[in-house]
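A.B. asks: I'm passing along target.cif; it holds mmCIF, C-alpha atoms and all ligand atoms.
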data_upload
#
loop_
_atom_site.label_atom_id
_atom_site.label_comp_id
_atom_site.auth_asym_id
_atom_site.auth_seq_id
_atom_site.Cartn_x
_atom_site.Cartn_y
_atom_site.Cartn_z
CA MET E 1 9.61 -12.47 12.37
CA LYS E 2 6.09 -11.08 12.21
CA ILE E 3 5.91 -7.30 12.25
CA LEU E 4 2.13 -7.20 11.87
CA GLU E 5 -0.69 -9.67 12.26
CA THR E 6 -4.45 -9.79 12.36
CA GLU E 7 -6.33 -12.10 14.70
CA ASN E 8 -9.74 -13.35 13.61
CA LEU E 9 -10.34 -10.12 11.76
CA SER E 10 -13.81 -9.66 10.27
CA ARG E 11 -15.58 -6.84 8.46
CA ILE E 12 -19.25 -7.19 7.67
CA PHE E 13 -21.13 -4.74 5.41
CA GLY E 14 -24.84 -5.37 5.85
CA GLY E 15 -25.17 -8.95 4.65
CA VAL E 16 -21.73 -9.17 3.03
CA VAL E 17 -18.91 -10.70 5.06
CA ALA E 18 -16.09 -8.95 3.20
CA VAL E 19 -13.36 -10.20 5.55
CA ASN E 20 -14.15 -13.38 7.42
CA ASP E 21 -12.13 -14.37 10.49
CA VAL E 22 -8.76 -13.72 8.87
CA ASN E 23 -5.40 -14.38 10.53
CA PHE E 24 -3.03 -12.48 8.27
CA SER E 25 0.70 -12.34 8.94
CA VAL E 26 3.20 -9.81 7.63
CA TYR E 27 6.86 -10.81 7.93
CA GLU E 28 9.49 -8.20 8.56
CA GLY E 29 11.89 -7.39 5.73
CA MET E 30 9.92 -9.42 3.20
CA VAL E 31 7.65 -8.73 0.26
CA ASN E 32 4.33 -10.18 1.45
CA GLY E 33 1.84 -10.88 -1.35
CA LEU E 34 -1.92 -10.75 -0.86
CA ILE E 35 -3.83 -12.29 -3.74
CA GLY E 36 -7.33 -13.53 -4.50
CA PRO E 37 -10.14 -13.08 -7.04
CA ASN E 38 -11.99 -9.75 -7.38
CA GLY E 39 -14.18 -9.09 -4.36
CA ALA E 40 -12.18 -11.46 -2.14
CA GLY E 41 -11.72 -8.78 0.54
CA LYS E 42 -8.12 -7.69 -0.11
CA THR E 43 -8.74 -3.94 -0.17
CA THR E 44 -11.10 -4.23 2.79
CA LEU E 45 -8.35 -5.97 4.76
CA PHE E 46 -5.93 -3.13 3.87
CA ASN E 47 -8.57 -0.59 4.94
CA GLN E 48 -8.92 -2.22 8.36
CA ILE E 49 -5.16 -2.38 8.94
CA THR E 50 -4.50 1.21 7.83
CA GLY E 51 -7.37 2.65 9.86
CA MET E 52 -9.50 3.78 6.91
CA ASP E 53 -12.34 1.62 8.22
CA LYS E 54 -13.13 -0.18 11.48
CA PRO E 55 -13.24 -3.95 11.83
CA THR E 56 -16.47 -5.58 12.96
CA ARG E 57 -14.49 -8.02 15.09
CA GLY E 58 -10.94 -9.12 15.69
CA LYS E 59 -7.60 -7.54 16.37
CA ILE E 60 -4.68 -5.95 14.57
CA LEU E 61 -1.24 -6.08 16.18
CA PHE E 62 1.62 -4.00 14.83
CA ASP E 63 5.11 -4.04 16.30
CA GLY E 64 3.70 -5.57 19.47
CA LYS E 65 0.96 -2.91 19.83
CA ASP E 66 -2.78 -3.32 19.46
CA ILE E 67 -3.75 -0.78 16.78
CA THR E 68 -7.31 -2.02 16.20
CA GLY E 69 -9.67 0.86 15.44
CA LEU E 70 -7.08 3.66 15.71
CA PRO E 71 -7.60 6.57 13.29
CA ALA E 72 -5.62 6.46 10.04
CA TRP E 73 -3.33 9.37 10.89
CA LYS E 74 -2.22 7.73 14.13
CA ILE E 75 -1.54 4.45 12.37
CA SER E 76 0.45 6.28 9.73
CA ARG E 77 2.59 7.95 12.40
CA LEU E 78 3.28 4.56 13.96
CA GLY E 79 4.91 3.50 10.69
CA ILE E 80 2.33 2.16 8.25
CA ALA E 81 1.91 3.76 4.82
CA ARG E 82 -0.22 2.79 1.85
CA THR E 83 -1.16 3.53 -1.73
CA PHE E 84 -4.60 3.08 -3.24
CA GLN E 85 -6.08 0.90 -5.96
CA ASN E 86 -7.04 4.07 -7.88
CA ILE E 87 -4.39 6.70 -8.31
CA ARG E 88 -4.55 9.50 -5.72
CA LEU E 89 -2.07 12.23 -6.49
CA TYR E 90 -2.21 15.99 -6.08
CA ARG E 91 -2.42 16.47 -9.84
CA GLU E 92 -2.01 20.25 -9.72
CA LEU E 93 1.10 20.12 -7.57
CA THR E 94 4.55 19.38 -8.90
CA VAL E 95 6.23 16.03 -8.54
CA VAL E 96 8.49 17.21 -5.73
CA GLU E 97 5.57 18.89 -3.93
CA ASN E 98 3.67 15.60 -3.98
CA VAL E 99 6.53 13.91 -2.15
CA MET E 100 6.71 16.84 0.28
CA MET E 101 3.08 16.14 1.18
CA GLY E 102 4.20 12.69 2.27
CA LEU E 103 6.91 14.22 4.44
CA HIS E 104 4.34 16.45 6.09
CA PHE E 105 2.36 13.36 6.98
CA LYS E 106 5.36 12.31 8.98
CA VAL E 107 6.05 15.57 10.80
CA GLY E 108 2.50 16.92 11.06
CA LYS E 109 0.03 16.20 13.80
CA ASP E 110 -3.37 15.58 12.28
CA PRO E 111 -3.12 15.60 8.47
CA PHE E 112 -6.83 16.24 8.13
CA LYS E 113 -6.61 19.72 9.64
CA GLY E 114 -5.91 21.17 6.18
CA ARG E 115 -2.87 23.40 6.52
CA PHE E 116 -0.68 21.09 4.48
CA THR E 117 -1.19 22.37 0.96
CA GLN E 118 -0.44 25.84 2.20
CA ALA E 119 2.71 24.67 3.93
CA VAL E 120 3.92 23.05 0.76
CA LYS E 121 2.92 25.97 -1.47
CA SER E 122 5.04 28.37 0.53
CA TYR E 123 8.21 26.36 0.59
CA PHE E 124 10.14 28.87 -1.50
CA SER E 125 9.50 31.70 0.89
CA ALA E 126 10.43 29.40 3.47
CA SER E 127 11.94 28.33 6.54
CA LYS E 128 14.94 26.14 7.00
CA GLU E 129 12.61 23.31 7.94
CA ASN E 130 10.81 23.46 4.60
CA LYS E 131 14.08 23.60 2.68
CA GLU E 132 15.13 20.45 4.46
CA LEU E 133 11.86 18.82 3.48
CA TYR E 134 12.52 19.85 -0.10
CA MET E 135 15.98 18.28 -0.11
CA LYS E 136 14.62 15.14 1.51
CA ALA E 137 11.88 14.91 -1.12
CA LEU E 138 14.51 15.18 -3.86
CA GLU E 139 16.34 12.24 -2.31
CA TRP E 140 13.22 10.11 -2.64
CA LEU E 141 12.79 11.24 -6.24
CA ARG E 142 16.35 10.08 -6.91
CA PHE E 143 15.48 6.70 -5.42
CA PHE E 144 12.78 6.44 -8.11
CA ASP E 145 14.80 8.03 -10.95
CA LEU E 146 12.32 10.89 -10.94
CA GLU E 147 14.61 13.77 -10.01
CA ASN E 148 14.61 15.25 -13.53
CA GLU E 149 10.82 15.50 -13.38
CA ALA E 150 10.81 17.24 -9.98
CA GLN E 151 9.30 20.50 -11.26
CA GLU E 152 6.81 18.88 -13.64
CA PHE E 153 3.13 18.83 -12.68
CA ALA E 154 2.17 15.39 -11.42
CA ARG E 155 -0.61 15.17 -14.01
CA ASN E 156 1.96 15.45 -16.84
CA LEU E 157 3.86 12.30 -15.89
CA PRO E 158 3.25 9.11 -17.85
CA TYR E 159 0.81 6.78 -16.07
CA GLY E 160 3.42 4.33 -14.78
CA ARG E 161 5.51 7.15 -13.34
CA GLN E 162 2.44 8.62 -11.62
CA ARG E 163 1.87 5.31 -9.87
CA GLU E 164 5.51 5.28 -8.78
CA LEU E 165 5.25 8.87 -7.56
CA GLU E 166 2.43 7.74 -5.27
CA ILE E 167 4.76 5.12 -3.84
CA ALA E 168 7.49 7.74 -3.40
CA ARG E 169 5.07 9.93 -1.48
CA ALA E 170 4.07 7.03 0.78
CA LEU E 171 7.74 6.20 1.41
CA ALA E 172 8.58 9.78 2.32
CA ALA E 173 6.78 9.20 5.61
CA GLU E 174 9.48 6.58 6.28
CA PRO E 175 7.13 3.75 7.17
CA LYS E 176 8.19 0.42 8.58
CA VAL E 177 5.57 -1.29 6.45
CA LEU E 178 4.35 -0.16 3.03
CA PHE E 179 0.98 -1.42 1.72
CA LEU E 180 0.55 -1.32 -2.06
CA ASP E 181 -2.94 -1.94 -3.47
CA GLU E 182 -2.57 -3.17 -7.07
CA PRO E 183 0.33 -0.88 -7.97
CA ALA E 184 0.77 -2.43 -11.44
CA ALA E 185 -2.89 -2.08 -12.44
CA GLY E 186 -3.08 -0.49 -15.90
CA MET E 187 0.68 -0.57 -16.43
CA ASN E 188 2.23 -1.83 -19.66
CA PRO E 189 4.87 -4.60 -19.47
CA ALA E 190 7.83 -2.18 -19.43
CA GLU E 191 6.25 -0.14 -16.62
CA THR E 192 5.49 -3.32 -14.68
CA GLU E 193 9.11 -4.43 -15.04
CA HIS E 194 10.33 -1.06 -13.73
CA LEU E 195 7.93 -1.33 -10.80
CA MET E 196 9.22 -4.80 -9.94
CA ASN E 197 12.73 -3.40 -9.66
CA ILE E 198 11.46 -0.57 -7.49
CA VAL E 199 9.72 -2.99 -5.10
CA ASP E 200 12.92 -4.99 -4.82
CA LYS E 201 14.86 -1.81 -4.09
CA ILE E 202 12.36 -0.82 -1.37
CA LYS E 203 12.83 -4.21 0.26
CA LYS E 204 16.61 -3.85 0.12
CA HIS E 205 16.18 -0.44 1.73
CA GLY E 206 14.81 -2.34 4.74
CA ILE E 207 11.12 -1.59 4.38
CA THR E 208 8.57 -4.41 4.69
CA VAL E 209 6.17 -4.51 1.74
CA VAL E 210 2.62 -5.85 1.51
CA LEU E 211 1.47 -6.15 -2.08
CA ILE E 212 -1.98 -6.78 -3.53
CA GLU E 213 -1.46 -7.77 -7.15
CA HIS E 214 -3.26 -9.55 -9.97
CA ASP E 215 -0.27 -9.96 -12.24
CA MET E 216 0.80 -13.50 -11.31
CA LYS E 217 4.20 -13.21 -12.91
CA LEU E 218 4.94 -10.18 -10.79
CA VAL E 219 3.59 -11.83 -7.64
CA MET E 220 5.49 -15.07 -8.10
CA ASN E 221 8.71 -13.26 -8.96
CA ILE E 222 8.94 -10.77 -6.17
CA CYS E 223 6.98 -12.11 -3.20
CA ASP E 224 8.71 -14.06 -0.45
CA ASN E 225 5.44 -15.14 1.12
CA ILE E 226 1.90 -15.13 -0.24
CA THR E 227 -1.52 -15.15 1.44
CA VAL E 228 -4.59 -16.04 -0.58
CA LEU E 229 -8.09 -14.75 0.15
CA SER E 230 -11.28 -16.07 -1.40
CA PHE E 231 -14.77 -14.85 -0.45
CA GLY E 232 -13.31 -13.08 2.58
CA GLN E 233 -11.50 -16.11 3.95
CA LYS E 234 -7.84 -16.98 4.03
CA ILE E 235 -7.53 -20.19 2.01
CA ALA E 236 -3.75 -20.52 1.80
CA GLU E 237 -0.42 -19.06 2.87
CA GLY E 238 3.08 -20.03 1.83
CA SER E 239 5.98 -19.55 -0.55
CA PRO E 240 5.28 -18.82 -4.24
CA GLU E 241 6.13 -22.47 -5.02
CA GLU E 242 3.64 -23.77 -2.47
CA ILE E 243 0.92 -21.35 -3.57
CA LYS E 244 1.35 -22.17 -7.27
CA LYS E 245 0.50 -25.83 -6.74
CA ASN E 246 -2.11 -25.48 -3.98
CA PRO E 247 -5.36 -27.06 -5.28
CA MET E 248 -7.60 -24.65 -3.34
CA VAL E 249 -5.83 -21.69 -4.88
CA ILE E 250 -6.09 -23.13 -8.37
CA GLU E 251 -9.80 -23.73 -7.84
CA ALA E 252 -10.41 -20.24 -6.46
CA TYR E 253 -8.90 -18.77 -9.62
CA LEU E 254 -10.36 -21.16 -12.17
CA GLY E 255 -13.78 -21.13 -10.54
CA ARG E 256 -14.45 -17.52 -11.46
CA GLU E 257 -14.87 -15.99 -14.89
CA GLU E 258 -13.38 -12.58 -14.31
CA ASP E 259 -9.98 -13.99 -13.48
N1 LIG E 301 -17.91 0.12 1.81
C1 LIG E 301 -18.48 -1.02 1.42
N2 LIG E 301 -19.81 -1.22 1.58
C2 LIG E 301 -20.39 -2.37 1.20
N3 LIG E 301 -19.74 -3.42 0.67
C3 LIG E 301 -18.42 -3.29 0.50
C4 LIG E 301 -17.71 -2.10 0.85
N4 LIG E 301 -16.39 -2.26 0.57
C5 LIG E 301 -16.28 -3.50 0.06
N5 LIG E 301 -17.48 -4.12 0.01
C6 LIG E 301 -17.73 -5.49 -0.47
O1 LIG E 301 -16.81 -6.33 0.19
C7 LIG E 301 -16.34 -7.33 -0.70
C8 LIG E 301 -14.82 -7.28 -0.78
O2 LIG E 301 -14.43 -6.13 -1.50
P1 LIG E 301 -12.91 -5.68 -1.67
O3 LIG E 301 -12.24 -5.70 -0.37
O4 LIG E 301 -12.91 -4.42 -2.42
O5 LIG E 301 -12.34 -6.87 -2.59
P2 LIG E 301 -10.96 -6.98 -3.40
O6 LIG E 301 -10.12 -5.82 -3.05
O7 LIG E 301 -10.38 -8.30 -3.00
O8 LIG E 301 -11.34 -7.00 -4.86
C9 LIG E 301 -17.02 -7.13 -2.02
O9 LIG E 301 -18.17 -7.96 -2.05
C10 LIG E 301 -17.44 -5.67 -1.95
O10 LIG E 301 -18.57 -5.42 -2.73
MG MG E 302 -9.31 -4.29 -4.21
#
Starting from the coordinates I provided, produce the structure as structure tokens.
Ligand SMILES: Nc1ncnc2c1ncn2[C@@H]1O[C@H](COP(=O)(O)OP(=O)(O)O)[C@@H](O)[C@H]1O
Ligand SMILES: [Mg+2]
C.D. replies:
Amino acid sequence: MKILETENLSRIFGGVVAVNDVNFSVYEGMVNGLIGPNGAGKTTLFNQITGMDKPTRGKILFDGKDITGLPAWKISRLGIARTFQNIRLYRELTVVENVMMGLHFKVGKDPFKGRFTQAVKSYFSASKENKELYMKALEWLRFFDLENEAQEFARNLPYGRQRELEIARALAAEPKVLFLDEPAAGMNPAETEHLMNIVDKIKKHGITVVLIEHDMKLVMNICDNITVLSFGQKIAEGSPEEIKKNPMVIEAYLGREED
């Protein structure tokens, strides 16, 4: 069953049609892959869906609701969370505090009003509510095998663990759908392997995953369904087996030097 879909979604920047009339489907309970050469429009599509940017045309339906053009914080409260292509952690906060920030995104009203760091900073002094958040954050760290690093500064974690901490923070908001933008970028093979297990665990936890990824081994191993973008357009959708032998997909990848 589809939990999210876009209808004829387009985003034009000046002369560049970054996303061109895309019908993208996200299936509930699955790992949905989104692949395509650099500049294909993958991140732009994520930005439209998560409310970081407004579509030029088209619609986004989530859980039966039209969410087109809603602000990011509203979309996040409806149950969509994401991570970014470039790491975005609170480097000067501890590991557990980073996850607590994610929990505040769930309980807070408008996360851009700025009282969040303060709320997290004062958790020791704090109310029962904050202690509960702390315990809840520790549970997520356990999910990621990060509980022993809870009091470490985020910046001191190895790179691969920092990327996983970002995912933990996104999950703390208890989304229905989690969007991951190139989570394995820059990871070594061991870190990538660990991440693959984590993604599988997230799926088993009942959360739908949408994954942008360049590592084909990772994509083919863990995705149930794959959509391919090229120059802003959807050129294919199907199982890993179908995608692997699709001539248009092969051409899109071989036709460009950087991939
Ligand atoms: N804010 C922006 N302003 C202008 N052009 C943009 C902007 N964001 C993306 N683009 C352009 O849109 C196209 C798709 O980019 P992007 O979605 O980042 O691709 P991908 O994530 O698949 O590598 C590229 O040509 C890029 O230069
Ligand atoms: Mg991108």
A.B. asks: Residues within 10 Å of ligand MG 302 (chain E) (only C-alpha atoms and all ligand atoms), as a list of chain:residue names?
C.D. replies: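 Within the 10 Å cut-off, the matching residues are E:Ile35, E:Gly36, E:Pro37, E:Asn38, E:Gly39, E:Ala40, E:Gly41, E:Lys42, E:Thr43, E:Thr44, E:Leu45, E:Phe46, E:Asn47, E:Phe84, E:Gln85, E:Asn86, E:Asp181, E:Glu182, E:Ile212, E:Glu213, E:His214.
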A.B. asks: Nearest residue to E:Tyr134 out of E:Ala172, E:Ile67, E:Ile87, E:Leu165, using only C-alpha atoms?
C.D. replies: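 Checking each candidate against E:Tyr134, we get E:Ala172 as the closest.
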A.B. asks: Tell me which protein, DNA and RNA residues are within 9 Å of E:Leu34, counting all atoms listed in the file, leaving out same-chain ones fewer than 4 positions away, and put them as a PyMOL selection string.
C.D. replies: chain E and resi 42+210-213+219+225-229
A.B. asks: What's the 7 Å shell around stretch 148-152 of chain E, counting all atoms listed in the file, without same-chain residues fewer than 2 positions away, as a PyMOL selection string?
C.D. replies: chain E and resi 94-96+146+154+156
A.B. asks: Could you save the residues just selected, with C-alpha atoms, as a short mmCIF file (atom, residue, chain, number, x, y, z; two decimals), keeping the file's coordinate frame?
C.D. replies:
data_model
loop_
_atom_site.label_atom_id
_atom_site.label_comp_id
_atom_site.auth_asym_id
_atom_site.auth_seq_id
_atom_site.Cartn_x
_atom_site.Cartn_y
_atom_site.Cartn_z
CA THR E 94 4.55 19.38 -8.90
CA VAL E 95 6.23 16.03 -8.54
CA VAL E 96 8.49 17.21 -5.73
CA LEU E 146 12.32 10.89 -10.94
CA ALA E 154 2.17 15.39 -11.42
CA ASN E 156 1.96 15.45 -16.84
#
A.B. asks: Could you check how far atom CA of E:Glu92 sits from atom CA of E:Glu164, in Å to one decimal?
C.D. replies: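 Straight-line distance from atom CA of E:Glu92 to atom CA of E:Glu164 works out to 16.8 Å.
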A.B. asks: So, with only C-alpha atoms and all ligand atoms as the atoms that count, which of E:Phe143, E:Phe153, E:Tyr90, E:Phe13 lies closest to ligand LIG 301 (chain E)?
C.D. replies: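 So, comparing all the options, the nearest one is E:Phe13.
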A.B. asks: Do you have the atom CA of E:Ala137-atom CA of E:Gln48 distance handy?
C.D. replies: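 That distance, rounded to one decimal, is 28.6 Å.
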A.B. asks: Taking all atoms listed in the file into account, name the residue in E:Pro175, E:Gly238, E:Gly51, E:Gly33 that is nearest to E:Ile75.
C.D. replies: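 When distances to E:Ile75 are compared using all atoms listed in the file, the smallest one comes from E:Gly51.
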A.B. asks: Rounded to one decimal, what separation in Å do you get between atom CA of E:Gly29 and atom CA of E:Asp200?
C.D. replies: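 Taking atom CA of E:Gly29 and atom CA of E:Asp200, their separation equals 10.9 Å.
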A.B. asks: Give me the residues within 9 Å of E:Leu78 as a list in words, counting all atoms listed in the file and dropping any in the same chain fewer than 5 places off.
C.D. replies: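 The contact residues come out as Phe62, Trp73, Pro175 and Lys176 of chain E.
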A.B. asks: Using all atoms of ligand LIG 301 (chain E) that appear in the file, construct an axis-aligned enclosing box with 3 Å of padding on every side and provide its centre coordinates and edge lengths in Å, rounded to one decimal, as JSON.
C.D. replies:
{"center_x": -15.3, "center_y": -4.1, "center_z": -1.5, "size_x": 16.3, "size_y": 14.4, "size_z": 12.7}
A.B. asks: List every protein, DNA or RNA residue that has an atom no more than 12 Å from (3.7, -9.2, 12.9) in the file's coordinate frame, counting all atoms listed in the file, and report them as a ChimeraX atom specification.
C.D. replies: /E:1-7,23-30,32,49,59-67,176-177,208,210
A.B. asks: Within 9 Å of E:Met187, counting all atoms listed in the file, which residues show up once you throw out same-chain ones fewer than 3 positions away? Write them as a list in words, please.
C.D. replies: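 The filter keeps Tyr159, Gly160, Arg163, Pro183, Ala184, Ala190, Glu191 and Thr192 of chain E.
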A.B. asks: Quick one: of E:Phe231, E:Phe179, E:Tyr253, E:Trp140, who's nearest to ligand LIG 301 (chain E), counting only C-alpha atoms and all ligand atoms?
C.D. replies: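 Checking each of E:Phe231, E:Phe179, E:Tyr253, E:Trp140 against ligand LIG 301 (chain E), counting only C-alpha atoms and all ligand atoms, the winner is E:Phe231.
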A.B. asks: Which is closer to E:Ala81 than all the others in E:Ile222, E:Ala173, E:Leu103, E:Val17, using all atoms listed in the file?
C.D. replies: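 Of all the options, E:Ala173 lies closest to E:Ala81.
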A.B. asks: Rank nothing, just name the residue among E:Leu180, E:Gly232, E:Leu141, E:Glu242 nearest to ligand LIG 301 (chain E), using all atoms listed in the file.
C.D. replies: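 Checking each candidate against ligand LIG 301 (chain E), we get E:Gly232 as the closest.
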